[in-house]
Amino acid sequence: MKKPLIAPSVLASDFANLQSEVEMLNRSTADWIHVDIMDGIFVPNISFGIPVTEAINRHAQKPLDVHLMIEKPENYVKAFHEAGAASLTVHYEACPHLHRNIQQIKELGCKAGVALNPHTKVDLLADIIQDIDIVLVMSVNPGFGGQKFIEKTYDKVKELKEMINLAGSNTLIEIDGGVNQNNAKALIDAGADVLVAGSFVFKSNDPVSTISDLKNV
Ligand code: DX5
Ligand code: ZN
């Protein structure tokens with residue numbers, strides 16, 4: 001079976017020991033480091049911002065996958081790029097000028113991602129799918145770690161995979177929220193390429209082997 005890319009979310013890490021958490025990810029088989037940015041407006045929670053992203057990047061030996069759960073992302077993508085983001089994902093629901101936002105991110109030299117909330121239909125991306133490097137399918141409502149996986153996600157991933165194949169695009173499908181050992185295989189079978197996991201990795205007794213288990217599920 002095709003192996004997924006694994007992107008542990010540092011939102012669930014011990015912020016008082018961020019350096020050693022990032023060093024643990026460096027030693028692990030994680031592919032990307034998922035960085036969740038929340039503004040308290042687009043989502044009902046505040047996480048951290050540009051200086052913390054820059055601090056993570058100072059220790060990270062893997063690409064930073066920055067998930068912007070913020071309004072007006074166009075005002076901040078340059079700063080997150082300078083802070084070390086390799087990919088920048090904006091929310092469909094926060095971007096009335098999504099095509100422009102994607103071009104802006106690509107011009108910076110970053111991979112461009114678009115995130116879909118659980119209620120947002122996949123086919124809204126049909127006219128733009130070839131321009132997108134990553135579609136991030138939210139499998140919980142954005143804003144918090146540790147929530148329960150929404151089962152409807154499987155159908156959305158299958159539909160998205162068909163759309164991507166039909167367009168002949170290389171767009172990656174990333175799943176974010178409630179990912180664990182019990183749903184990882186079905187998600188990969190449905191077409192997922194990248195699995196984000198926060199609590200499942202960082203709250204486990206041995207995060208390095210949990211990451212490897214997810215990769216080899
Ligand atoms: C939720 C964030 C997720 C979160 C996932 O708004 O986008 O990346 O960290 O955490 P878990 O894996 O605990 O659901
Ligand atoms: Zn995320």
# chains A, B, ... in the order shown; residues from 1 in each chain; ligands from 1
>>> residues_near_ligand(ligand="ligand 2", cutoff="10 Å", atoms="only C-alpha atoms and all ligand atoms", output="PyMOL selection string")
chain A and resi 7-11+34-38+65-69+89+115+136-140+142-145+174-177+196-198
>>> write_last_selection(atoms="N, CA, C and O atoms", output="compact mmCIF listing (two decimals), in the first residue's frame")
# COMPACT_ATOMS: atom_id res chain seq x y z
N ALA A 7 2.21 14.37 9.07
CA ALA A 7 2.47 15.76 9.49
C ALA A 7 1.96 15.96 10.92
O ALA A 7 0.82 16.39 11.12
N PRO A 8 2.79 15.65 11.92
CA PRO A 8 2.35 15.86 13.30
C PRO A 8 2.09 17.35 13.56
O PRO A 8 2.84 18.21 13.09
N SER A 9 1.00 17.63 14.29
CA SER A 9 0.65 19.01 14.60
C SER A 9 1.20 19.41 15.96
O SER A 9 0.81 18.85 16.99
N VAL A 10 2.08 20.42 15.97
CA VAL A 10 2.69 20.86 17.22
C VAL A 10 1.69 21.55 18.16
O VAL A 10 2.02 21.84 19.30
N LEU A 11 0.46 21.77 17.67
CA LEU A 11 -0.56 22.34 18.56
C LEU A 11 -0.72 21.48 19.82
O LEU A 11 -1.04 22.00 20.89
N HIS A 34 3.31 20.16 11.06
CA HIS A 34 2.09 20.94 10.85
C HIS A 34 1.99 22.02 11.93
O HIS A 34 2.07 21.74 13.13
N VAL A 35 1.79 23.27 11.48
CA VAL A 35 1.79 24.43 12.37
C VAL A 35 0.43 25.12 12.25
O VAL A 35 0.09 25.65 11.19
N ASP A 36 -0.35 25.08 13.31
CA ASP A 36 -1.73 25.60 13.30
C ASP A 36 -1.79 27.04 13.81
O ASP A 36 -1.52 27.29 14.98
N ILE A 37 -2.18 27.95 12.94
CA ILE A 37 -2.27 29.36 13.30
C ILE A 37 -3.76 29.75 13.42
O ILE A 37 -4.51 29.64 12.44
N MET A 38 -4.17 30.21 14.60
CA MET A 38 -5.58 30.57 14.85
C MET A 38 -5.65 32.01 15.35
O MET A 38 -4.90 32.39 16.24
N ASP A 65 4.54 22.98 7.52
CA ASP A 65 3.26 22.96 6.81
C ASP A 65 2.31 23.86 7.61
O ASP A 65 1.76 23.44 8.62
N VAL A 66 2.20 25.11 7.17
CA VAL A 66 1.51 26.11 7.99
C VAL A 66 0.04 26.22 7.58
O VAL A 66 -0.28 26.52 6.42
N HIS A 67 -0.85 25.98 8.52
CA HIS A 67 -2.30 25.97 8.32
C HIS A 67 -2.86 27.26 8.93
O HIS A 67 -2.92 27.41 10.15
N LEU A 68 -3.25 28.18 8.05
CA LEU A 68 -3.71 29.50 8.49
C LEU A 68 -5.23 29.50 8.71
O LEU A 68 -6.00 29.59 7.75
N MET A 69 -5.63 29.41 9.96
CA MET A 69 -7.05 29.52 10.29
C MET A 69 -7.30 30.96 10.70
O MET A 69 -7.59 31.28 11.86
N THR A 89 -1.39 27.07 3.82
CA THR A 89 -2.76 26.67 3.51
C THR A 89 -3.72 27.71 4.06
O THR A 89 -3.69 28.04 5.25
N ALA A 115 -7.86 24.85 2.52
CA ALA A 115 -8.55 24.02 3.50
C ALA A 115 -10.06 24.17 3.35
O ALA A 115 -10.56 25.26 3.06
N LEU A 136 -6.58 20.61 1.96
CA LEU A 136 -6.65 20.12 3.33
C LEU A 136 -8.13 19.94 3.69
O LEU A 136 -8.89 20.91 3.72
N VAL A 137 -8.52 18.70 3.90
CA VAL A 137 -9.91 18.41 4.26
C VAL A 137 -10.00 18.38 5.78
O VAL A 137 -9.37 17.54 6.43
N MET A 138 -10.77 19.31 6.34
CA MET A 138 -10.95 19.33 7.79
C MET A 138 -11.89 18.19 8.18
O MET A 138 -13.03 18.14 7.73
N SER A 139 -11.40 17.32 9.05
CA SER A 139 -12.22 16.20 9.51
C SER A 139 -12.73 16.45 10.93
O SER A 139 -13.27 15.54 11.57
N VAL A 140 -12.54 17.69 11.40
CA VAL A 140 -13.21 18.21 12.61
C VAL A 140 -13.46 19.69 12.31
O VAL A 140 -12.94 20.22 11.32
N PRO A 142 -12.47 23.39 12.65
CA PRO A 142 -11.18 23.95 13.01
C PRO A 142 -11.26 24.78 14.28
O PRO A 142 -12.28 25.39 14.57
N GLY A 143 -10.18 24.79 15.02
CA GLY A 143 -10.11 25.61 16.23
C GLY A 143 -9.51 24.89 17.43
O GLY A 143 -8.95 25.53 18.31
N PHE A 144 -9.64 23.58 17.45
CA PHE A 144 -9.18 22.85 18.63
C PHE A 144 -8.62 21.48 18.24
O PHE A 144 -9.13 20.85 17.30
N GLY A 145 -7.63 21.05 18.98
CA GLY A 145 -7.14 19.68 18.84
C GLY A 145 -8.02 18.74 19.66
O GLY A 145 -8.88 19.19 20.42
N GLU A 174 -4.81 16.24 2.03
CA GLU A 174 -4.34 16.21 3.42
C GLU A 174 -5.55 16.17 4.35
O GLU A 174 -6.52 16.90 4.12
N ILE A 175 -5.49 15.33 5.36
CA ILE A 175 -6.62 15.19 6.29
C ILE A 175 -6.20 15.73 7.65
O ILE A 175 -5.13 15.37 8.15
N ASP A 176 -7.07 16.53 8.25
CA ASP A 176 -6.70 17.21 9.49
C ASP A 176 -7.83 17.16 10.51
O ASP A 176 -8.89 17.77 10.30
N GLY A 177 -7.58 16.44 11.61
CA GLY A 177 -8.51 16.42 12.74
C GLY A 177 -8.96 15.02 13.10
O GLY A 177 -9.55 14.33 12.28
N VAL A 196 -2.46 14.57 9.03
CA VAL A 196 -2.06 15.42 10.17
C VAL A 196 -2.50 14.67 11.43
O VAL A 196 -3.60 14.11 11.46
N ALA A 197 -1.67 14.68 12.46
CA ALA A 197 -2.11 14.10 13.73
C ALA A 197 -1.50 14.89 14.87
O ALA A 197 -0.28 15.09 14.91
N GLY A 198 -2.37 15.40 15.75
CA GLY A 198 -1.92 16.17 16.89
C GLY A 198 -1.91 15.33 18.15
O GLY A 198 -0.89 14.73 18.53
>>> select_by_dssp(residues="region 7-212 of chain A", states="strand (DSSP E or B)", output="ChimeraX atom specification")
/A:7-9,33-39,46,64-69,85-91,111-116,134-138,172-176,194-197
>>> atom_distance(atom1="CA of Val90 (chain A)", atom2="CA of Glu159 (chain A)")
20.5 Å
>>> select_by_dssp(residues="region 80-134 of chain A", states="alpha helix (DSSP H)", output="count of residues only")
13
>>> closest_residue(among="A:Asp31, A:Val52, A:Ser199, A:Gly40", to="ligand 1", atoms="only C-alpha atoms and all ligand atoms")
A:Ser199
>>> closest_residue(among="A:Ala190, A:Gln181, A:Val114, A:Glu71", to="Lys215 (chain A)", atoms="only C-alpha atoms")
A:Gln181
>>> residues_around(residues="Ile70 (chain A)", least_positions_apart="6", cutoff="7 Å", atoms="only C-alpha atoms", output="list in words")
Met38, Asp39, Ile41 and Phe42 of chain A
>>> residues_around(residues="region 53-61 of chain A", least_positions_apart="3", cutoff="10 Å", atoms="only C-alpha atoms", output="list in words")
Val10, Leu18, Gln19, Ser20, Glu21, Val22, Glu23, Met24, Leu25, Asn26, Arg27, Asp31, Trp32, Ile33, Val35, Asp36, Ile37, Phe48, Gly49, Ile50, Leu64, Val66, Ala79, Phe80, His81, Glu82, Ala83, Gly84 and Ala85 of chain A
>>> residues_around(residues="Ile134 (chain A)", least_positions_apart="5", cutoff="10 Å", atoms="only C-alpha atoms", output="ChimeraX atom specification")
/A:87-89,111-115,129,170-174,193-194
>>> write_last_selection(atoms="N, CA and C atoms", output="CSV table (one decimal), in the first residue's frame")
chain,number,residue,atom,x,y,z
A,87,SER,N,4.9,25.2,3.1
A,87,SER,CA,3.6,25.3,2.5
A,87,SER,C,2.7,26.2,3.3
A,88,LEU,N,1.8,26.9,2.6
A,88,LEU,CA,0.9,27.8,3.3
A,88,LEU,C,-0.5,27.4,2.9
A,89,THR,N,-1.4,27.1,3.8
A,89,THR,CA,-2.8,26.7,3.5
A,89,THR,C,-3.7,27.7,4.1
A,111,LYS,N,4.4,26.0,-1.4
A,111,LYS,CA,3.3,25.2,-1.9
A,111,LYS,C,2.0,25.9,-1.4
A,112,ALA,N,1.0,25.9,-2.2
A,112,ALA,CA,-0.2,26.6,-1.9
A,112,ALA,C,-1.3,25.5,-1.6
A,113,GLY,N,-1.9,25.7,-0.4
A,113,GLY,CA,-3.0,24.8,0.1
A,113,GLY,C,-4.3,25.5,0.3
A,114,VAL,N,-5.4,24.8,0.1
A,114,VAL,CA,-6.7,25.3,0.4
A,114,VAL,C,-7.4,24.3,1.4
A,115,ALA,N,-7.9,24.9,2.5
A,115,ALA,CA,-8.5,24.0,3.5
A,115,ALA,C,-10.1,24.2,3.4
A,129,ILE,N,-8.8,23.5,-9.1
A,129,ILE,CA,-8.0,22.4,-8.5
A,129,ILE,C,-6.6,22.3,-9.1
A,170,ASN,N,-1.6,17.1,-9.8
A,170,ASN,CA,-0.8,16.4,-8.8
A,170,ASN,C,-1.2,16.8,-7.4
A,171,THR,N,-2.3,17.5,-7.2
A,171,THR,CA,-2.7,18.0,-5.9
A,171,THR,C,-2.8,16.9,-4.8
A,172,LEU,N,-2.2,17.2,-3.7
A,172,LEU,CA,-2.2,16.3,-2.6
A,172,LEU,C,-3.4,16.5,-1.7
A,173,ILE,N,-4.0,15.4,-1.2
A,173,ILE,CA,-5.1,15.5,-0.2
A,173,ILE,C,-4.6,15.3,1.2
A,174,GLU,N,-4.8,16.2,2.0
A,174,GLU,CA,-4.3,16.2,3.4
A,174,GLU,C,-5.5,16.2,4.3
A,193,ASP,N,-3.3,11.6,0.9
A,193,ASP,CA,-1.8,11.5,0.7
A,193,ASP,C,-1.1,12.0,2.0
A,194,VAL,N,-1.7,12.8,2.8
A,194,VAL,CA,-1.0,13.4,4.0
A,194,VAL,C,-1.9,13.3,5.1
>>> atom_distance(atom1="CA of Gln130 (chain A)", atom2="CA of Leu166 (chain A)")
10.3 Å
>>> closest_residue(among="A:Ala192, A:Ala167, A:Ile102, A:Ile46", to="ligand 1", atoms="only C-alpha atoms and all ligand atoms")
A:Ile46
>>> closest_residue(among="A:Ile105, A:Val43, A:Leu98, A:Leu214", to="ligand 1", atoms="only C-alpha atoms and all ligand atoms")
A:Val43
>>> residues_around(residues="Lys152 (chain A)", least_positions_apart="2", cutoff="10 Å", atoms="only C-alpha atoms", output="MDAnalysis selection string")
chainID A and resid 118:119 139 149:150 154:157
>>> closest_residue(among="A:Leu116, A:Val77, A:Ile128, A:Leu187", to="ligand 1", atoms="only C-alpha atoms and all ligand atoms")
A:Leu116
>>> closest_residue(among="A:Pro207, A:Pro96, A:Gly146, A:Gly168", to="ligand 1", atoms="only C-alpha atoms and all ligand atoms")
A:Gly146
